[in-house]
>>> print(open('target.txt').read())   # compact mmCIF, C-alpha atoms
# COMPACT_ATOMS: atom_id res chain seq x y z
CA MET A 555 -19.11 8.23 5.64
CA ILE A 556 -16.79 8.93 2.68
CA ASN A 557 -13.73 8.11 4.80
CA GLY A 558 -15.36 4.83 5.80
CA ILE A 559 -16.03 3.92 2.15
CA LEU A 560 -12.45 4.80 1.18
CA ALA A 561 -11.09 2.77 4.06
CA ALA A 562 -13.18 -0.23 2.95
CA GLU A 563 -12.02 0.20 -0.64
CA GLU A 564 -8.40 0.44 0.54
CA LEU A 565 -8.73 -2.73 2.63
CA LEU A 566 -10.42 -4.62 -0.25
CA ALA A 567 -7.74 -3.48 -2.72
CA SER A 568 -5.01 -4.46 -0.25
CA ARG A 569 -6.47 -7.94 0.21
CA VAL A 570 -6.94 -8.44 -3.55
CA ALA A 571 -3.33 -7.35 -4.21
CA TYR A 572 -2.01 -9.61 -1.45
CA THR A 573 -4.02 -12.57 -2.83
CA PHE A 574 -2.69 -12.03 -6.35
CA ARG A 575 0.88 -11.82 -5.04
CA THR A 576 0.52 -14.96 -2.88
CA TYR A 577 -1.48 -17.25 -5.21
CA PRO A 578 -0.83 -16.11 -8.80
CA LYS A 579 -1.00 -19.57 -10.41
CA GLN A 580 -4.13 -20.62 -8.57
CA ILE A 581 -5.95 -17.41 -9.44
CA THR A 582 -4.93 -17.71 -13.09
CA ALA A 583 -6.40 -21.21 -13.17
CA VAL A 584 -9.65 -20.04 -11.58
CA ILE A 585 -10.00 -17.18 -14.07
CA ALA A 586 -9.32 -19.52 -16.98
CA ALA A 587 -11.94 -21.95 -15.73
CA ALA A 588 -14.43 -19.12 -15.28
CA LEU A 589 -13.84 -17.92 -18.85
CA LEU A 590 -14.29 -21.43 -20.25
CA SER A 591 -17.52 -21.78 -18.27
CA ALA A 592 -18.72 -18.43 -19.55
CA GLY A 593 -18.00 -19.56 -23.11
CA THR A 594 -20.00 -22.74 -22.60
CA LEU A 595 -22.94 -20.81 -21.17
CA ALA A 596 -22.87 -18.50 -24.15
CA VAL A 597 -23.51 -21.27 -26.68
CA ALA A 598 -25.52 -23.84 -24.73
CA SER A 599 -29.14 -23.57 -23.60
CA LEU A 600 -29.49 -25.12 -20.18
CA GLY A 601 -33.23 -24.64 -19.69
CA PRO A 602 -36.45 -23.09 -21.01
CA ASP A 603 -36.71 -19.40 -21.74
CA ALA A 604 -37.92 -17.49 -18.71
CA ALA A 605 -40.55 -15.79 -20.87
CA ASP A 606 -42.21 -19.16 -21.48
CA LEU A 607 -42.56 -20.07 -17.80
CA PRO A 608 -46.05 -19.78 -16.22
CA VAL A 609 -46.70 -16.86 -13.88
CA GLN A 610 -48.06 -17.69 -10.42
CA GLN A 611 -49.53 -15.24 -7.93
CA VAL A 612 -49.16 -16.04 -4.22
CA LEU A 613 -51.30 -14.28 -1.62
CA GLU A 614 -50.69 -14.60 2.12
CA ALA A 615 -52.58 -12.91 4.93
CA THR A 616 -50.50 -11.25 7.65
CA ALA A 617 -51.56 -9.79 10.97
CA PRO A 618 -49.72 -6.62 12.07
CA LEU A 619 -48.24 -6.49 15.56
CA SER A 620 -50.18 -4.51 18.10
CA PHE A 621 -48.70 -1.39 19.64
CA ALA A 622 -48.22 -3.22 22.93
CA GLU A 623 -46.38 -6.06 21.19
CA GLN A 624 -44.14 -3.63 19.35
CA SER A 625 -43.34 -1.79 22.60
CA GLU A 626 -42.52 -5.05 24.36
CA SER A 627 -40.24 -6.07 21.48
CA LEU A 628 -38.38 -2.76 21.65
CA GLU A 629 -38.01 -3.03 25.43
CA ASN A 630 -36.48 -6.49 25.10
CA PHE A 631 -34.05 -5.39 22.36
CA SER A 632 -30.47 -4.81 23.50
CA PHE A 633 -27.31 -3.73 21.75
CA THR A 634 -23.64 -3.06 22.46
CA LEU A 635 -21.94 0.28 21.88
CA PHE A 636 -18.30 0.44 20.76
CA ARG A 637 -16.06 3.47 20.97
CA THR A 638 -12.29 3.95 20.55
CA ASP A 639 -10.05 6.80 21.66
CA ILE A 640 -6.38 7.61 22.31
CA THR A 641 -5.01 8.17 25.80
CA ARG A 642 -3.69 11.65 26.64
CA SER A 643 -1.00 12.78 29.04
CA SER A 644 -3.61 14.68 31.11
CA ASP A 645 -6.03 11.75 31.35
CA THR A 646 -7.72 10.60 34.54
CA ALA A 647 -10.08 7.67 34.93
CA GLU A 648 -13.05 10.04 34.73
CA ALA A 649 -11.78 11.91 31.67
CA LEU A 650 -10.91 8.80 29.64
CA LEU A 651 -14.15 6.94 30.37
CA LYS A 652 -16.20 10.06 29.64
CA ARG A 653 -14.59 10.39 26.18
CA LEU A 654 -15.38 6.71 25.60
CA GLY A 655 -19.05 7.42 26.37
CA ILE A 656 -19.04 5.47 29.63
CA SER A 657 -21.28 6.67 32.47
CA ASP A 658 -20.55 4.05 35.10
CA PRO A 659 -19.36 5.08 38.60
CA ALA A 660 -18.39 1.51 39.45
CA ALA A 661 -16.16 1.24 36.37
CA THR A 662 -14.59 4.63 37.11
CA ALA A 663 -13.87 3.62 40.70
CA PHE A 664 -12.30 0.34 39.55
CA VAL A 665 -9.95 2.06 37.08
CA ARG A 666 -9.01 4.72 39.63
CA GLY A 667 -8.27 2.14 42.31
CA SER A 668 -6.37 -0.40 40.20
CA SER A 669 -2.62 0.16 39.88
CA GLU A 670 -2.59 -2.33 36.98
CA ALA A 671 -5.23 -0.28 35.15
CA ARG A 672 -3.44 3.01 35.83
CA ASN A 673 -0.13 1.67 34.53
CA ALA A 674 -1.75 0.25 31.40
CA LEU A 675 -3.91 3.27 30.56
CA PHE A 676 -2.01 6.31 31.84
CA ALA A 677 1.69 5.39 31.92
CA ARG A 678 2.16 6.69 28.37
CA ALA A 679 0.00 8.85 26.13
CA GLY A 680 -1.04 7.68 22.66
CA ARG A 681 -2.31 4.19 23.50
CA THR A 682 -5.47 3.09 21.72
CA VAL A 683 -8.30 2.11 24.07
CA THR A 684 -11.59 0.49 23.02
CA ALA A 685 -14.69 0.28 25.21
CA GLU A 686 -17.77 -1.92 24.86
CA ALA A 687 -20.84 -0.58 26.65
CA THR A 688 -24.51 -1.34 27.08
CA GLN A 689 -27.20 0.98 25.72
CA GLU A 690 -27.29 2.49 29.22
CA ASN A 691 -23.57 3.37 28.81
CA GLN A 692 -22.49 0.84 31.42
CA LEU A 693 -19.05 -0.64 30.80
CA LYS A 694 -18.98 -4.25 29.60
CA LYS A 695 -15.36 -4.48 28.47
CA LEU A 696 -12.39 -2.15 28.03
CA SER A 697 -9.19 -3.12 26.22
CA ALA A 698 -5.86 -1.50 25.37
CA ARG A 699 -2.93 -2.78 23.31
CA TRP A 700 0.61 -1.44 22.99
CA ILE A 701 4.17 -2.45 22.14
CA PRO A 702 6.56 -2.41 25.12
CA ASP A 703 9.96 -0.79 24.58
CA GLY A 704 12.47 -3.25 23.14
CA ASP A 705 9.90 -6.02 22.86
CA GLY A 706 9.01 -7.85 19.67
CA GLY A 707 5.48 -8.63 20.84
CA PHE A 708 2.67 -6.61 22.35
CA LYS A 709 0.74 -6.31 25.61
CA ARG A 710 -3.02 -6.61 25.90
CA PHE A 711 -4.81 -5.14 28.91
CA VAL A 712 -8.48 -5.98 29.46
CA ILE A 713 -11.06 -4.91 32.05
CA GLU A 714 -14.25 -6.97 31.94
CA ARG A 715 -17.47 -6.92 33.95
CA THR A 716 -18.37 -10.22 35.60
CA PRO A 717 -21.29 -11.23 37.86
CA VAL A 718 -19.06 -10.52 40.87
CA GLY A 719 -17.59 -7.23 39.64
CA PHE A 720 -14.78 -6.06 37.39
CA VAL A 721 -11.63 -8.07 36.72
CA ALA A 722 -8.43 -6.94 35.00
CA LEU A 723 -5.93 -8.99 33.03
CA THR A 724 -2.63 -8.15 31.30
CA GLU A 725 -1.34 -10.57 28.65
CA ARG A 726 1.60 -10.80 26.28
CA ASP A 727 1.07 -11.89 22.69
CA THR A 728 2.86 -11.87 19.33
CA LEU A 729 2.34 -9.30 16.61
CA THR A 730 0.90 -10.47 13.29
CA PRO A 731 2.82 -9.23 10.23
CA GLY A 732 0.89 -7.98 7.24
CA THR A 733 0.96 -5.48 4.40
CA ARG A 734 -1.14 -2.43 3.61
CA LEU A 735 -1.39 -0.22 0.58
CA ALA A 736 -2.36 3.41 0.39
CA SER A 737 -2.41 6.25 -2.08
CA GLY A 738 -3.02 9.96 -2.10
CA VAL A 739 -3.03 13.19 -4.08
CA ILE A 740 -0.85 16.16 -3.19
CA ARG A 741 -2.84 19.29 -2.38
CA THR A 742 -0.40 21.16 -0.13
CA SER A 743 2.47 18.86 0.87
CA LEU A 744 3.48 15.20 0.93
CA PHE A 745 3.05 14.92 4.69
CA ALA A 746 -0.41 16.51 4.59
CA ALA A 747 -1.39 14.03 1.87
CA THR A 748 -0.06 11.04 3.82
CA ASP A 749 -1.98 12.24 6.88
CA ASP A 750 -5.17 12.41 4.79
CA SER A 751 -4.50 8.87 3.56
CA ARG A 752 -3.83 7.59 7.10
CA VAL A 753 -0.24 6.68 6.21
CA PRO A 754 1.99 6.54 9.32
CA ASP A 755 4.62 9.26 9.70
CA ALA A 756 7.42 6.67 9.64
CA VAL A 757 6.25 5.46 6.23
CA ALA A 758 5.98 9.02 4.88
CA SER A 759 9.54 9.67 6.01
CA GLN A 760 10.73 6.54 4.21
CA LEU A 761 9.05 7.76 1.02
CA ALA A 762 10.98 11.04 1.24
CA ASP A 763 14.26 9.16 1.74
CA ILE A 764 13.66 6.57 -1.00
CA PHE A 765 12.93 9.15 -3.70
CA ALA A 766 15.30 11.84 -2.42
CA GLY A 767 17.37 11.75 -5.63
CA ASP A 768 14.36 11.73 -7.98
CA VAL A 769 11.65 13.79 -6.29
CA ASP A 770 12.04 16.93 -4.18
CA VAL A 771 9.22 16.35 -1.70
CA ARG A 772 9.40 20.01 -0.64
CA ALA A 773 8.55 21.11 -4.20
CA LEU A 774 5.69 18.76 -5.08
CA ARG A 775 2.87 20.36 -7.02
CA LYS A 776 -0.87 20.16 -6.52
CA GLY A 777 -2.17 17.11 -8.38
CA ASP A 778 0.99 15.01 -7.97
CA ARG A 779 0.15 11.66 -6.47
CA PHE A 780 1.73 8.69 -4.74
CA ALA A 781 1.04 5.07 -3.91
CA VAL A 782 2.79 2.90 -1.35
CA VAL A 783 2.77 -0.67 -0.07
CA TYR A 784 4.25 -1.14 3.40
CA GLU A 785 4.60 -3.65 6.21
CA THR A 786 2.37 -3.56 9.27
CA PHE A 787 2.46 -5.35 12.60
CA GLU A 788 -0.97 -5.91 14.07
CA ALA A 789 -2.47 -6.90 17.40
CA ASP A 790 -5.95 -8.42 17.22
CA GLY A 791 -6.48 -6.71 13.86
CA GLN A 792 -5.28 -3.31 15.09
CA ALA A 793 -2.12 -1.97 13.43
CA LEU A 794 0.28 -1.02 16.22
CA ARG A 795 3.42 -0.44 14.20
CA SER A 796 4.42 0.11 10.60
CA GLY A 797 7.49 -1.45 9.04
CA ARG A 798 9.44 -1.12 5.83
CA VAL A 799 8.09 0.33 2.58
CA LEU A 800 7.93 -2.61 0.13
CA SER A 801 7.14 -0.65 -3.02
CA ALA A 802 6.18 2.90 -3.90
CA GLU A 803 5.40 5.17 -6.82
CA PHE A 804 5.33 8.91 -7.38
CA GLU A 805 3.74 10.69 -10.32
CA SER A 806 5.25 14.17 -10.26
CA GLY A 807 5.55 16.75 -13.01
CA GLY A 808 4.37 14.25 -15.61
CA LYS A 809 7.08 11.73 -14.68
CA VAL A 810 6.61 8.36 -12.98
CA HIS A 811 9.12 7.19 -10.36
CA GLN A 812 8.92 3.70 -8.88
CA ALA A 813 10.83 1.88 -6.16
CA VAL A 814 10.86 -1.79 -5.16
CA TRP A 815 12.45 -3.28 -2.05
CA PHE A 816 14.51 -6.37 -2.90
CA GLN A 817 16.51 -8.45 -0.43
CA PRO A 818 18.21 -11.61 -1.69
CA GLN A 819 18.46 -14.39 0.86
CA GLY A 820 21.40 -13.87 3.19
CA GLN A 821 22.20 -10.41 1.80
CA LYS A 822 21.38 -6.79 2.61
CA GLY A 823 18.30 -5.40 0.92
CA SER A 824 17.90 -2.13 -0.96
CA TYR A 825 15.52 -0.18 -3.16
CA TYR A 826 15.67 -0.42 -6.95
CA ARG A 827 13.97 1.07 -9.94
CA PRO A 828 11.93 -1.39 -12.03
CA ASN A 829 14.84 -1.66 -14.51
CA GLY A 830 17.12 -2.88 -11.70
CA ASP A 831 19.07 0.35 -11.07
CA SER A 832 19.79 1.03 -7.41
CA LEU A 833 18.08 3.88 -5.59
CA ARG A 834 20.37 3.66 -2.59
CA LYS A 835 22.22 6.85 -1.76
CA ALA A 836 25.56 7.04 -0.05
CA TYR A 837 23.90 9.52 2.33
CA LEU A 838 20.34 10.24 3.44
CA SER A 839 19.01 13.70 2.69
CA SER A 840 18.38 14.55 6.35
CA PRO A 841 19.63 13.34 9.76
CA VAL A 842 16.28 14.16 11.42
CA GLU A 843 12.85 12.99 10.28
CA PHE A 844 10.04 15.55 10.04
CA SER A 845 12.07 18.66 10.67
CA ARG A 846 12.67 21.98 8.96
CA VAL A 847 15.91 23.77 8.16
CA SER A 848 16.20 26.76 10.50
CA SER A 849 19.65 27.92 9.37
CA GLY A 850 21.56 27.03 6.23
CA PHE A 851 25.19 26.84 5.09
CA ALA A 852 25.86 30.57 4.74
CA MET A 853 26.99 33.76 6.49
CA ARG A 854 24.73 34.69 9.39
CA MET A 855 24.56 36.71 12.59
CA HIS A 856 25.64 34.33 15.33
CA PRO A 857 22.78 34.22 17.88
CA ILE A 858 25.16 34.09 20.88
CA LEU A 859 28.36 35.84 19.74
CA ASN A 860 26.36 38.61 17.98
CA SER A 861 28.76 38.82 15.02
CA TRP A 862 28.62 37.84 11.35
CA ARG A 863 30.17 34.41 10.87
CA GLN A 864 30.13 31.60 8.36
CA HIS A 865 27.65 28.94 9.45
CA ASN A 866 29.52 25.73 8.63
CA GLY A 867 26.54 23.41 8.65
CA ILE A 868 22.76 23.18 8.61
CA ASP A 869 20.50 23.55 11.64
CA PHE A 870 17.38 21.38 11.83
CA ALA A 871 14.70 22.63 14.21
CA ALA A 872 13.09 19.79 16.16
CA PRO A 873 11.82 19.16 19.71
CA THR A 874 14.20 17.92 22.38
CA GLY A 875 14.39 14.13 22.31
CA THR A 876 13.74 13.77 18.57
CA ALA A 877 15.80 10.87 17.22
CA VAL A 878 18.95 11.77 15.25
CA ARG A 879 20.15 9.24 12.67
CA SER A 880 23.39 8.72 10.82
CA VAL A 881 23.03 9.76 7.20
CA GLY A 882 25.47 7.07 6.02
CA ASP A 883 27.48 3.99 6.90
CA GLY A 884 30.67 4.63 8.84
CA THR A 885 32.57 4.46 12.13
CA VAL A 886 32.15 6.73 15.14
CA ASP A 887 35.25 8.95 15.24
CA PHE A 888 34.21 10.93 18.33
CA ALA A 889 31.30 10.79 20.80
CA GLY A 890 31.37 13.26 23.68
CA THR A 891 31.45 16.98 24.45
CA GLN A 892 33.26 19.75 22.54
CA SER A 893 32.93 23.36 23.76
CA GLY A 894 30.31 25.20 21.69
CA TYR A 895 29.08 22.01 20.03
CA GLY A 896 27.93 20.56 23.34
CA ASN A 897 27.27 16.84 23.01
CA ILE A 898 28.50 15.85 19.56
CA VAL A 899 28.95 12.69 17.49
CA ILE A 900 31.39 12.67 14.56
CA ILE A 901 31.19 9.79 12.09
CA LYS A 902 33.93 8.90 9.62
CA HIS A 903 32.77 7.74 6.18
CA ARG A 904 34.55 6.63 3.03
CA ASN A 905 36.78 8.92 0.96
CA ASN A 906 37.93 10.99 3.96
CA GLN A 907 34.39 12.27 4.57
CA GLN A 908 32.92 13.05 7.98
CA THR A 909 29.49 14.05 9.31
CA ALA A 910 28.98 15.78 12.66
CA TYR A 911 25.82 15.94 14.83
CA ALA A 912 25.91 18.57 17.59
CA HIS A 913 23.89 19.99 20.54
CA LEU A 914 22.57 16.48 21.32
CA SER A 915 20.56 15.88 24.48
CA ARG A 916 21.89 12.31 24.61
CA ILE A 917 24.44 10.14 22.79
CA ASN A 918 23.62 6.51 21.94
CA VAL A 919 26.96 5.42 20.44
CA LYS A 920 30.64 5.31 21.41
CA ALA A 921 33.93 5.92 19.62
CA GLY A 922 35.03 3.07 17.35
CA GLU A 923 31.51 1.70 16.88
CA SER A 924 30.41 0.73 13.35
CA ILE A 925 27.30 2.60 12.24
CA THR A 926 24.80 1.80 9.49
CA GLN A 927 22.82 4.31 7.47
CA GLY A 928 19.68 5.38 9.32
CA GLN A 929 20.85 4.12 12.72
CA THR A 930 19.84 6.30 15.69
CA ILE A 931 22.96 7.85 17.23
CA GLY A 932 21.43 10.31 19.68
CA ALA A 933 18.64 12.82 20.23
CA VAL A 934 18.04 16.51 19.51
CA GLY A 935 18.92 18.86 22.36
CA SER A 936 20.30 22.29 23.18
CA THR A 937 23.68 21.56 24.78
CA GLY A 938 26.66 23.83 24.07
CA TRP A 939 26.12 27.19 22.40
CA ALA A 940 22.45 26.79 21.49
CA THR A 941 19.53 29.15 22.11
CA GLY A 942 16.96 26.38 21.71
CA PRO A 943 16.56 22.72 20.78
CA HIS A 944 17.89 21.89 17.32
CA LEU A 945 20.43 19.70 15.54
CA HIS A 946 23.55 21.29 14.09
CA PHE A 947 24.71 19.06 11.20
CA GLU A 948 28.05 19.33 9.37
CA PHE A 949 29.66 17.62 6.37
CA ARG A 950 33.44 17.66 6.06
CA VAL A 951 35.77 16.41 3.32
CA ASN A 952 39.47 16.14 4.21
CA GLY A 953 38.70 18.31 7.23
CA GLU A 954 37.16 21.10 5.10
CA TYR A 955 33.54 22.17 5.64
CA GLN A 956 31.20 21.47 2.71
CA ASP A 957 27.55 22.34 2.10
CA PRO A 958 25.61 19.34 3.53
CA THR A 959 22.95 19.67 0.81
CA SER A 960 25.54 18.46 -1.72
CA ILE A 961 26.15 15.01 -0.22
CA ALA A 962 23.17 12.93 -1.44
CA GLN A 963 25.10 10.76 -3.92
CA GLU A 964 24.33 7.54 -5.74
CA GLY A 965 25.78 4.71 -3.72
CA GLY A 966 24.35 1.36 -4.84
CA ALA A 967 25.08 -1.19 -7.57
CA PRO A 968 22.38 -2.40 -10.00
CA ILE A 969 20.79 -5.85 -9.84
CA THR A 970 23.19 -8.54 -11.00
CA ALA A 971 22.33 -10.91 -13.85
CA SER A 972 22.06 -13.88 -11.49
CA LEU A 973 19.47 -12.10 -9.32
CA ARG A 974 17.52 -10.63 -12.22
CA PRO A 975 14.83 -13.42 -12.45
CA ALA A 976 14.03 -13.21 -8.72
CA PHE A 977 13.92 -9.42 -8.87
CA GLU A 978 11.59 -9.45 -11.88
CA ARG A 979 9.09 -11.62 -9.98
CA ILE A 980 9.09 -9.14 -7.10
CA ALA A 981 8.80 -6.17 -9.46
CA VAL A 982 5.79 -7.64 -11.28
CA GLY A 983 3.96 -8.17 -8.00
CA ALA A 984 4.85 -4.65 -6.89
CA ARG A 985 3.39 -3.12 -10.05
CA THR A 986 0.13 -5.02 -9.48
CA GLU A 987 -0.14 -3.78 -5.90
CA LEU A 988 0.65 -0.18 -6.80
CA ALA A 989 -1.97 -0.26 -9.56
CA ALA A 990 -4.49 -1.51 -6.98
CA ALA A 991 -3.52 1.33 -4.64
CA PHE A 992 -3.98 3.94 -7.37
CA SER A 993 -7.39 2.47 -8.20
CA VAL A 994 -8.60 3.76 -4.82
CA ILE A 995 -7.76 7.32 -5.92
CA GLN A 996 -9.54 6.82 -9.24
CA ALA A 997 -12.62 5.35 -7.57
CA SER A 998 -12.88 8.26 -5.15
CA ALA A 999 -12.42 10.76 -8.00
CA ASP A 1000 -15.23 9.11 -9.99
>>> encode(input="target.txt", output="structure tokens")
Amino acid sequence: MINGILAAEELLASRVAYTFRTYPKQITAVIAAALLSAGTLAVASLGPDAADLPVQQVLEATAPLSFAEQSESLENFSFTLFRTDITRSSDTAEALLKRLGISDPAATAFVRGSSEARNALFARAGRTVTAEATQENQLKKLSARWIPDGDGGFKRFVIERTPVGFVALTERDTLTPGTRLASGVIRTSLFAATDDSRVPDAVASQLADIFAGDVDVRALRKGDRFAVVYETFEADGQALRSGRVLSAEFESGGKVHQAVWFQPQGQKGSYYRPNGDSLRKAYLSSPVEFSRVSSGFAMRMHPILNSWRQHNGIDFAAPTGTAVRSVGDGTVDFAGTQSGYGNIVIIKHRNNQQTAYAHLSRINVKAGESITQGQTIGAVGSTGWATGPHLHFEFRVNGEYQDPTSIAQEGGAPITASLRPAFERIAVGARTELAAAFSVIQASAD
């Protein structure tokens, strides 16, 4: 119940913030008119005092329904049940429909026997499926929506009961862009707090990257809090994908840190502090999202050679197939296989700096290709001298190994004078939205 109330408050706050950002002049005019009207009502009497009005008593006889009439009314009453669940890799037609509360052999047989239904519902785990059922748990309608790989739209699959049986239909449609705001309080970690606030993992990872130079997300303290406004892409009102963080705020250790996304027309966008200083780093803090450091830049016992050696990089533990991203802009210097490194990508950056990404299960780039910060270049694996899936990451300057934790440098220019007015308008709207997001926290605390 509490989660439902918070979700409603979050949605209302998001809509209010969006309306203020979209129609500031119109809303100002409405408020002004309302205040003027209130002032007029305060000084003008528009009718007699309610205390002077005559009191009238109205009596009306009613006849209660008989027990038989009440029973008949209940028998004729019908309602529709709705339930939503996520598909699993082990799902069958019986298992999925049972979790959705459907007890309908005909519906189960249709799903089991339809190749279109099997492809839509069981080809990939994690798809959201919604069922509409009668009070007898008979299926009326089942629908699923998902984003195909490399497609800008979405697919909608629907099974519906008709007088002649079930029919299935697969459609393509366009995603609807929108924005959402969320906020949370740190109790154990940032990612636990974003989970509690229903913030997508991709958005949480962006928060960690945006504030990497200001806030150590691994050292947040209980009571620190955050707010974020981010893009969403929806299908029939259901958010299927999150996009870019538009603005964000951290309150940590008594200090407030804010970030605003600003992209002038025809130019690359970036994150800035409210005063216009750039938050862009020359390098991201990590080449793998949602991973932990399993071995640092230090002497260690080599797990294969069984001897003490200098570990010239950082190992990030992550499952095979996890996306690996370039930490900075550059050019691919090498993409292929090198003895103990296995599959490796080496990227050349400015000032004779290089980053290396080893033990990859796949390589997505080729030598000579230009790479942008955050671009996926491969996937975590265990090729070469590796005892398990992880990414070995190195940072080199003039060919010499350096501690990769030292490379997160300032890399962006502040807002120019010519762009300052446009940026200020964006920043003002961002502050309004973030205040609305924080109000959800305050309301729940009260």
>>> residues_around(input="target.txt", residues="Phe977 (chain A)", least_positions_apart="4", cutoff="12 Å", atoms="all atoms listed in the file", output="list in words")
Val814, Trp815, Phe816, Gln817, Pro818, Gln819, Gly823, Ser824, Tyr825, Tyr826, Arg827, Pro828, Asn829, Gly830, Asp831, Pro968, Ile969, Thr970, Ala971, Ser972, Leu973, Ala981, Val982, Gly983 and Ala984 of chain A
>>> atom_distance(input="target.txt", atom1="CA of Ser759 (chain A)", atom2="CA of Arg795 (chain A)")
14.4 Å
>>> atom_distance(input="target.txt", atom1="CA of Ile898 (chain A)", atom2="CA of Asp883 (chain A)")
17.4 Å
>>> closest_residue(input="target.txt", among="A:Val951, A:Arg726, A:Val771, A:Arg734", to="Ala746 (chain A)", atoms="all atoms listed in the file")
A:Val771
>>> residues_around(input="target.txt", residues="region 933-948 of chain A", least_positions_apart="4", cutoff="7 Å", atoms="all atoms listed in the file", output="ChimeraX atom specification")
/A:866-878,893-897,909-917,958
>>> residues_around(input="target.txt", residues="region 807-811 of chain A", least_positions_apart="2", cutoff="12 Å", atoms="all atoms listed in the file", output="MDAnalysis selection string")
chainID A and resid 740 761 764:771 773:782 801:805 813:814 826:829 833 985 988
>>> atom_distance(input="target.txt", atom1="CA of Lys694 (chain A)", atom2="CA of Lys652 (chain A)")
14.6 Å
>>> closest_residue(input="target.txt", among="A:Val739, A:Ala622, A:Val899, A:Leu696", to="Leu723 (chain A)", atoms="only C-alpha atoms")
A:Leu696
>>> closest_residue(input="target.txt", among="A:Arg710, A:Pro754, A:Glu725, A:Ala762", to="Ala789 (chain A)", atoms="all atoms listed in the file")
A:Arg710
>>> closest_residue(input="target.txt", among="A:Glu987, A:Ala615, A:Ile961, A:Ala836", to="Ser737 (chain A)", atoms="only C-alpha atoms")
A:Glu987
>>> closest_residue(input="target.txt", among="A:Glu648, A:Glu954, A:Asp790, A:Glu785", to="Ala663 (chain A)", atoms="all atoms listed in the file")
A:Glu648
>>> build_atoms(input="target.txt", residues="region 692-696 of chain A", atoms="all heavy atoms", output="PDB file, in the frame of the given file")
ATOM      1  N   GLN A 692     -23.208   1.574  30.389  1.00  0.00           N
ATOM      2  CA  GLN A 692     -22.490   0.840  31.420  1.00  0.00           C
ATOM      3  C   GLN A 692     -21.382   0.026  30.774  1.00  0.00           C
ATOM      4  O   GLN A 692     -21.585  -0.601  29.723  1.00  0.00           O
ATOM      5  CB  GLN A 692     -23.456  -0.103  32.170  1.00  0.00           C
ATOM      6  CG  GLN A 692     -24.603   0.615  32.869  1.00  0.00           C
ATOM      7  CD  GLN A 692     -24.121   1.477  34.016  1.00  0.00           C
ATOM      8  OE1 GLN A 692     -23.629   0.960  35.018  1.00  0.00           O
ATOM      9  NE2 GLN A 692     -24.254   2.779  33.885  1.00  0.00           N
ATOM     10  N   LEU A 693     -20.208   0.030  31.391  1.00  0.00           N
ATOM     11  CA  LEU A 693     -19.050  -0.640  30.800  1.00  0.00           C
ATOM     12  C   LEU A 693     -19.222  -2.159  30.832  1.00  0.00           C
ATOM     13  O   LEU A 693     -19.518  -2.744  31.876  1.00  0.00           O
ATOM     14  CB  LEU A 693     -17.779  -0.258  31.546  1.00  0.00           C
ATOM     15  CG  LEU A 693     -16.486  -0.875  31.004  1.00  0.00           C
ATOM     16  CD1 LEU A 693     -16.177  -0.352  29.609  1.00  0.00           C
ATOM     17  CD2 LEU A 693     -15.319  -0.597  31.944  1.00  0.00           C
ATOM     18  N   LYS A 694     -19.024  -2.795  29.677  1.00  0.00           N
ATOM     19  CA  LYS A 694     -18.980  -4.250  29.600  1.00  0.00           C
ATOM     20  C   LYS A 694     -17.541  -4.745  29.506  1.00  0.00           C
ATOM     21  O   LYS A 694     -17.151  -5.692  30.173  1.00  0.00           O
ATOM     22  CB  LYS A 694     -19.763  -4.739  28.371  1.00  0.00           C
ATOM     23  CG  LYS A 694     -21.244  -4.438  28.421  1.00  0.00           C
ATOM     24  CD  LYS A 694     -21.949  -4.836  27.134  1.00  0.00           C
ATOM     25  CE  LYS A 694     -21.917  -6.333  26.903  1.00  0.00           C
ATOM     26  NZ  LYS A 694     -22.705  -6.710  25.688  1.00  0.00           N
ATOM     27  N   LYS A 695     -16.730  -4.043  28.663  1.00  0.00           N
ATOM     28  CA  LYS A 695     -15.360  -4.480  28.470  1.00  0.00           C
ATOM     29  C   LYS A 695     -14.530  -3.296  27.978  1.00  0.00           C
ATOM     30  O   LYS A 695     -15.001  -2.500  27.160  1.00  0.00           O
ATOM     31  CB  LYS A 695     -15.303  -5.623  27.451  1.00  0.00           C
ATOM     32  CG  LYS A 695     -13.937  -6.234  27.233  1.00  0.00           C
ATOM     33  CD  LYS A 695     -14.035  -7.406  26.255  1.00  0.00           C
ATOM     34  CE  LYS A 695     -12.697  -8.066  26.027  1.00  0.00           C
ATOM     35  NZ  LYS A 695     -12.808  -9.209  25.069  1.00  0.00           N
ATOM     36  N   LEU A 696     -13.321  -3.184  28.475  1.00  0.00           N
ATOM     37  CA  LEU A 696     -12.390  -2.150  28.030  1.00  0.00           C
ATOM     38  C   LEU A 696     -11.055  -2.823  27.734  1.00  0.00           C
ATOM     39  O   LEU A 696     -10.592  -3.659  28.513  1.00  0.00           O
ATOM     40  CB  LEU A 696     -12.235  -1.077  29.107  1.00  0.00           C
ATOM     41  CG  LEU A 696     -11.333   0.123  28.770  1.00  0.00           C
ATOM     42  CD1 LEU A 696     -11.898   1.397  29.378  1.00  0.00           C
ATOM     43  CD2 LEU A 696      -9.912  -0.109  29.280  1.00  0.00           C
TER      44      LEU A 696
END
